[in-house]
file final21.cif (mmCIF, C-alpha atoms)
data_input
loop_
_atom_site.group_PDB
_atom_site.id
_atom_site.type_symbol
_atom_site.label_atom_id
_atom_site.label_comp_id
_atom_site.auth_asym_id
_atom_site.auth_seq_id
_atom_site.Cartn_x
_atom_site.Cartn_y
_atom_site.Cartn_z
ATOM 1 C CA MET A 18 -49.559 -106.714 -6.716
ATOM 2 C CA GLU A 19 -51.500 -104.471 -9.027
ATOM 3 C CA ILE A 20 -52.507 -101.579 -6.767
ATOM 4 C CA PHE A 21 -50.090 -100.264 -4.148
ATOM 5 C CA ARG A 22 -51.861 -96.984 -3.359
ATOM 6 C CA HIS A 23 -54.736 -98.555 -1.430
ATOM 7 C CA PHE A 24 -54.995 -102.211 -0.476
ATOM 8 C CA GLU A 25 -55.995 -104.621 2.256
ATOM 9 C CA ALA A 26 -53.383 -106.488 4.291
ATOM 10 C CA GLY A 27 -53.980 -109.467 6.521
ATOM 11 C CA PRO A 28 -55.348 -111.154 8.300
ATOM 12 C CA ASP A 29 -52.764 -110.421 10.957
ATOM 13 C CA PRO A 30 -52.024 -112.999 13.691
ATOM 14 C CA PHE A 31 -55.087 -111.693 15.583
ATOM 15 C CA GLY A 32 -57.423 -112.134 12.591
ATOM 16 C CA ARG A 33 -57.692 -108.426 11.757
ATOM 17 C CA LEU A 34 -57.691 -106.971 8.252
ATOM 18 C CA TRP A 35 -55.870 -103.669 7.771
ATOM 19 C CA GLN A 36 -56.690 -100.980 5.219
ATOM 20 C CA VAL A 37 -53.429 -99.592 3.857
ATOM 21 C CA ARG A 38 -52.881 -96.308 2.039
ATOM 22 C CA PHE A 39 -49.695 -95.208 0.306
ATOM 23 C CA LYS A 40 -48.496 -91.818 1.615
ATOM 24 C CA TRP A 41 -45.174 -91.074 -0.105
ATOM 25 C CA LEU A 42 -41.897 -92.333 -1.531
ATOM 26 C CA GLN A 43 -38.601 -90.493 -1.135
ATOM 27 C CA THR A 44 -34.896 -91.031 -0.840
ATOM 28 C CA ALA A 45 -33.833 -91.070 2.782
ATOM 29 C CA ILE A 46 -30.499 -89.337 2.248
ATOM 30 C CA SER A 47 -32.094 -86.017 3.090
ATOM 31 C CA ILE A 48 -34.244 -87.162 6.029
ATOM 32 C CA ARG A 49 -32.182 -89.881 7.757
ATOM 33 C CA HIS A 50 -28.774 -89.584 6.073
ATOM 34 C CA SER A 51 -29.332 -93.115 4.783
ATOM 35 C CA ASP A 52 -28.862 -94.424 1.247
ATOM 36 C CA THR A 53 -32.330 -95.933 1.084
ATOM 37 C CA VAL A 54 -35.600 -95.481 -0.715
ATOM 38 C CA ASP A 55 -38.306 -94.997 1.915
ATOM 39 C CA VAL A 56 -41.989 -95.671 1.289
ATOM 40 C CA LYS A 57 -44.524 -94.554 3.874
ATOM 41 C CA PHE A 58 -47.924 -96.170 4.427
ATOM 42 C CA LEU A 59 -50.857 -95.447 6.725
ATOM 43 C CA LEU A 60 -52.539 -98.549 8.200
ATOM 44 C CA GLU A 61 -56.008 -98.537 9.747
ATOM 45 C CA CYS A 62 -57.912 -101.320 11.449
ATOM 46 C CA GLU A 63 -60.920 -100.911 13.730
ATOM 47 C CA ASP A 64 -59.770 -98.204 16.189
ATOM 48 C CA ALA A 65 -56.066 -98.611 15.438
ATOM 49 C CA ARG A 66 -54.087 -96.326 13.161
ATOM 50 C CA GLU A 67 -50.373 -96.748 12.465
ATOM 51 C CA GLU A 68 -47.752 -95.326 10.155
ATOM 52 C CA LYS A 69 -45.024 -97.543 8.732
ATOM 53 C CA VAL A 70 -42.013 -96.637 6.636
ATOM 54 C CA VAL A 71 -40.469 -99.393 4.531
ATOM 55 C CA ALA A 72 -36.761 -98.736 3.904
ATOM 56 C CA MET A 73 -34.983 -100.415 0.984
ATOM 57 C CA GLN A 74 -31.239 -100.080 0.422
ATOM 58 C CA HIS A 75 -30.553 -98.151 -2.774
ATOM 59 C CA ALA A 76 -27.580 -100.375 -3.683
ATOM 60 C CA GLY A 77 -29.744 -103.493 -3.309
ATOM 61 C CA LEU A 78 -32.448 -101.990 -5.501
ATOM 62 C CA LEU A 79 -29.893 -101.069 -8.183
ATOM 63 C CA GLU A 80 -28.435 -104.584 -8.163
ATOM 64 C CA LEU A 81 -31.869 -106.208 -8.332
ATOM 65 C CA SER A 82 -33.013 -103.939 -11.156
ATOM 66 C CA ARG A 83 -29.832 -104.821 -13.086
ATOM 67 C CA ARG A 84 -30.303 -108.568 -12.526
ATOM 68 C CA ALA A 85 -34.015 -108.382 -13.353
ATOM 69 C CA ASN A 86 -33.326 -106.216 -16.403
ATOM 70 C CA ARG A 87 -35.834 -103.578 -15.372
ATOM 71 C CA GLN A 88 -35.761 -99.892 -14.608
ATOM 72 C CA LEU A 89 -35.608 -98.622 -11.065
ATOM 73 C CA THR A 90 -38.925 -96.731 -10.886
ATOM 74 C CA ASP A 91 -41.054 -95.252 -8.138
ATOM 75 C CA SER A 92 -43.935 -97.616 -8.884
ATOM 76 C CA TRP A 93 -41.710 -100.703 -8.755
ATOM 77 C CA CYS A 94 -40.189 -99.594 -5.432
ATOM 78 C CA SER A 95 -43.665 -98.869 -4.061
ATOM 79 C CA ARG A 96 -44.885 -102.320 -5.057
ATOM 80 C CA LEU A 97 -41.860 -103.984 -3.444
ATOM 81 C CA ALA A 98 -42.493 -101.990 -0.260
ATOM 82 C CA ALA A 99 -46.211 -102.844 -0.278
ATOM 83 C CA LEU A 100 -45.424 -106.553 -0.546
ATOM 84 C CA HIS A 101 -43.031 -106.276 2.395
ATOM 85 C CA LEU A 102 -45.658 -104.471 4.444
ATOM 86 C CA LYS A 103 -48.246 -107.157 3.631
ATOM 87 C CA ASN A 104 -45.765 -109.785 4.815
ATOM 88 C CA VAL A 105 -45.135 -107.888 8.061
ATOM 89 C CA VAL A 106 -48.875 -107.600 8.754
ATOM 90 C CA GLU A 107 -49.616 -111.250 7.945
ATOM 91 C CA THR A 108 -46.735 -112.654 10.012
ATOM 92 C CA GLY A 109 -46.761 -110.055 12.777
ATOM 93 C CA GLU A 110 -42.955 -109.966 12.551
ATOM 94 C CA ASP A 111 -41.671 -106.431 13.224
ATOM 95 C CA MET A 112 -45.242 -105.095 13.404
ATOM 96 C CA GLU A 113 -44.272 -103.084 16.483
ATOM 97 C CA LYS A 114 -41.666 -101.145 14.473
ATOM 98 C CA SER A 115 -42.415 -97.947 12.602
ATOM 99 C CA LEU A 116 -39.318 -98.316 10.364
ATOM 100 C CA LEU A 117 -39.211 -101.625 8.481
ATOM 101 C CA THR A 118 -36.060 -102.626 6.613
ATOM 102 C CA VAL A 119 -36.029 -105.055 3.711
ATOM 103 C CA SER A 120 -33.185 -107.489 3.025
ATOM 104 C CA SER A 121 -31.815 -108.105 -0.467
ATOM 105 C CA GLY A 122 -33.230 -111.633 -0.360
ATOM 106 C CA GLN A 123 -36.681 -110.324 0.471
ATOM 107 C CA LEU A 124 -36.465 -107.789 -2.365
ATOM 108 C CA ALA A 125 -35.665 -110.605 -4.802
ATOM 109 C CA GLU A 126 -38.613 -112.652 -3.500
ATOM 110 C CA TYR A 127 -41.018 -109.716 -3.845
ATOM 111 C CA ASN A 128 -39.724 -108.962 -7.338
ATOM 112 C CA ALA A 129 -40.386 -112.583 -8.330
ATOM 113 C CA ARG A 130 -43.979 -112.191 -7.107
ATOM 114 C CA ILE A 131 -44.373 -109.021 -9.169
ATOM 115 C CA GLN A 132 -42.986 -110.779 -12.262
ATOM 116 C CA ASP A 133 -45.347 -113.742 -11.707
ATOM 117 C CA PHE A 134 -48.307 -111.363 -11.397
ATOM 118 C CA VAL A 135 -47.349 -109.516 -14.594
ATOM 119 C CA ALA A 136 -46.876 -112.792 -16.482
ATOM 120 C CA ALA A 137 -50.296 -114.040 -15.360
ATOM 121 C CA HIS A 138 -52.087 -110.874 -16.465
#

call {"tool": "encode", "arguments": {"input": "final21.cif", "output": "structure tokens"}}
result
Amino acid sequence: MEIFRHFEAGPDPFGRLWQVRFKWLQTAISIRHSDTVDVKFLLECEDAREEKVVAMQHAGLLELSRRANRQLTDSWCSRLAALHLKNVVETGEDMEKSLLTVSSGQLAEYNARIQDFVAAH
């Protein structure tokens, strides 16, 4: 994924395409007393407007960055979160939730997609 600040996600299970805008990234220790990196997005489709926060465990991100031999950066975390959000929209799984958590396995899968994209460009 090249651009995480504004992108299209979908189609969802109902055939709709969502316009997604990045809102912010922050550590959740201060807001939810959780050791996660949270990334917030605004989704809009037709008359619907939703906010989603993608939460990624800090320990999982550190381990993945070590294994992938890359720095833990805001842009990398935002791209991982955007890929998770796209997956949620396309599958409809957890779409009803405003707080979306990402497993370590999913983080590894999204990182592989990012690496494939970088290698191809």

call {"tool": "residues_around", "arguments": {"input": "final21.cif", "residues": "region 103-109 of chain A", "least_positions_apart": "6", "cutoff": "12 Å", "atoms": "only C-alpha atoms", "output": "ChimeraX atom specification"}}
result
/A:18,21,23-38,58,60-62,67,69-71,96-97,115-119,123-124,126-127

call {"tool": "residues_around", "arguments": {"input": "final21.cif", "residues": "Trp93 (chain A)", "least_positions_apart": "4", "cutoff": "9 Å", "atoms": "only C-alpha atoms", "output": "list in words"}}
result
Gln88, Leu89, Leu97, Ala98, Asn128 and Ile131 of chain A

call {"tool": "closest_residue", "arguments": {"input": "final21.cif", "among": "A:His138, A:Lys57, A:Lys114, A:His101", "to": "Gln43 (chain A)", "atoms": "only C-alpha atoms"}}
result
A:Lys57

call {"tool": "residues_near_point", "arguments": {"input": "final21.cif", "point": "(-31.6, -97.9, 2.3)", "cutoff": "7 Å", "atoms": "only C-alpha atoms", "output": "list of chain:residue names"}}
result
A:Ser51, A:Asp52, A:Thr53, A:Val54, A:Ala72, A:Met73, A:Gln74, A:His75

call {"tool": "closest_residue", "arguments": {"input": "final21.cif", "among": "A:Ala65, A:Leu42, A:Gln132, A:Leu102", "to": "Asn86 (chain A)", "atoms": "only C-alpha atoms"}}
result
A:Gln132

call {"tool": "closest_residue", "arguments": {"input": "final21.cif", "among": "A:Arg130, A:Ser121, A:Lys40, A:Arg22", "to": "Leu79 (chain A)", "atoms": "all atoms listed in the file"}}
result
A:Ser121

call {"tool": "atom_distance", "arguments": {"input": "final21.cif", "atom1": "CA of Val135 (chain A)", "atom2": "CA of Asp55 (chain A)"}}
result
23.8 Å

call {"tool": "decode", "arguments": {"input": "final21.cif", "residues": "region 68-136 of chain A", "atoms": "C-alpha atoms", "output": "mmCIF file, in the first residue's frame"}}
result
data_model
loop_
_atom_site.group_PDB
_atom_site.id
_atom_site.type_symbol
_atom_site.label_atom_id
_atom_site.label_comp_id
_atom_site.auth_asym_id
_atom_site.auth_seq_id
_atom_site.Cartn_x
_atom_site.Cartn_y
_atom_site.Cartn_z
ATOM 1 C CA GLU A 68 -14.893 5.974 12.653
ATOM 2 C CA LYS A 69 -12.632 2.984 13.223
ATOM 3 C CA VAL A 70 -9.582 2.638 15.428
ATOM 4 C CA VAL A 71 -7.116 -0.115 14.562
ATOM 5 C CA ALA A 72 -5.194 -1.266 17.653
ATOM 6 C CA MET A 73 -1.864 -3.075 17.277
ATOM 7 C CA GLN A 74 0.006 -4.529 20.250
ATOM 8 C CA HIS A 75 3.272 -2.673 20.791
ATOM 9 C CA ALA A 76 5.141 -5.877 21.715
ATOM 10 C CA GLY A 77 3.959 -7.544 18.494
ATOM 11 C CA LEU A 78 5.068 -4.560 16.435
ATOM 12 C CA LEU A 79 8.503 -4.569 18.100
ATOM 13 C CA GLU A 80 8.939 -8.291 17.442
ATOM 14 C CA LEU A 81 7.839 -7.966 13.816
ATOM 15 C CA SER A 82 10.110 -4.986 13.195
ATOM 16 C CA ARG A 83 13.033 -6.971 14.659
ATOM 17 C CA ARG A 84 12.270 -10.038 12.518
ATOM 18 C CA ALA A 85 11.720 -7.918 9.402
ATOM 19 C CA ASN A 86 14.855 -5.885 10.114
ATOM 20 C CA ARG A 87 13.046 -2.576 9.814
ATOM 21 C CA GLN A 88 12.428 0.409 12.025
ATOM 22 C CA LEU A 89 9.199 0.816 13.920
ATOM 23 C CA THR A 90 7.882 4.028 12.321
ATOM 24 C CA ASP A 91 4.583 5.868 12.259
ATOM 25 C CA SER A 92 4.206 5.387 8.508
ATOM 26 C CA TRP A 93 4.823 1.636 8.716
ATOM 27 C CA CYS A 94 2.283 1.272 11.546
ATOM 28 C CA SER A 95 -0.225 3.363 9.591
ATOM 29 C CA ARG A 96 0.204 1.181 6.518
ATOM 30 C CA LEU A 97 -0.253 -2.000 8.566
ATOM 31 C CA ALA A 98 -3.414 -0.527 10.099
ATOM 32 C CA ALA A 99 -4.743 0.570 6.695
ATOM 33 C CA LEU A 100 -4.281 -2.941 5.312
ATOM 34 C CA HIS A 101 -6.167 -4.379 8.284
ATOM 35 C CA LEU A 102 -8.985 -1.896 7.776
ATOM 36 C CA LYS A 103 -9.201 -2.785 4.070
ATOM 37 C CA ASN A 104 -9.470 -6.449 5.051
ATOM 38 C CA VAL A 105 -12.241 -5.690 7.557
ATOM 39 C CA VAL A 106 -14.218 -3.727 4.951
ATOM 40 C CA GLU A 107 -13.796 -6.346 2.215
ATOM 41 C CA THR A 108 -14.724 -9.311 4.427
ATOM 42 C CA GLY A 109 -17.266 -7.547 6.624
ATOM 43 C CA GLU A 110 -15.693 -9.299 9.625
ATOM 44 C CA ASP A 111 -15.797 -7.023 12.691
ATOM 45 C CA MET A 112 -17.215 -4.160 10.601
ATOM 46 C CA GLU A 113 -19.705 -3.442 13.385
ATOM 47 C CA LYS A 114 -16.861 -2.720 15.830
ATOM 48 C CA SER A 115 -15.320 0.699 16.305
ATOM 49 C CA LEU A 116 -12.132 -0.753 17.872
ATOM 50 C CA LEU A 117 -10.398 -3.313 15.647
ATOM 51 C CA THR A 118 -7.546 -5.396 17.045
ATOM 52 C CA VAL A 119 -4.872 -6.993 14.897
ATOM 53 C CA SER A 120 -3.260 -10.350 15.678
ATOM 54 C CA SER A 121 0.478 -10.954 15.349
ATOM 55 C CA GLY A 122 -0.194 -13.295 12.428
ATOM 56 C CA GLN A 123 -2.179 -10.624 10.626
ATOM 57 C CA LEU A 124 0.596 -8.081 11.220
ATOM 58 C CA ALA A 125 3.104 -10.465 9.628
ATOM 59 C CA GLU A 126 0.796 -10.991 6.633
ATOM 60 C CA TYR A 127 0.314 -7.243 6.135
ATOM 61 C CA ASN A 128 4.052 -6.638 6.456
ATOM 62 C CA ALA A 129 4.674 -9.239 3.740
ATOM 63 C CA ARG A 130 2.256 -7.350 1.472
ATOM 64 C CA ILE A 131 4.100 -4.097 2.154
ATOM 65 C CA GLN A 132 7.451 -5.752 1.371
ATOM 66 C CA ASP A 133 6.033 -7.222 -1.868
ATOM 67 C CA PHE A 134 4.731 -3.790 -2.889
ATOM 68 C CA VAL A 135 8.094 -2.137 -2.175
ATOM 69 C CA ALA A 136 9.964 -4.847 -4.093
#
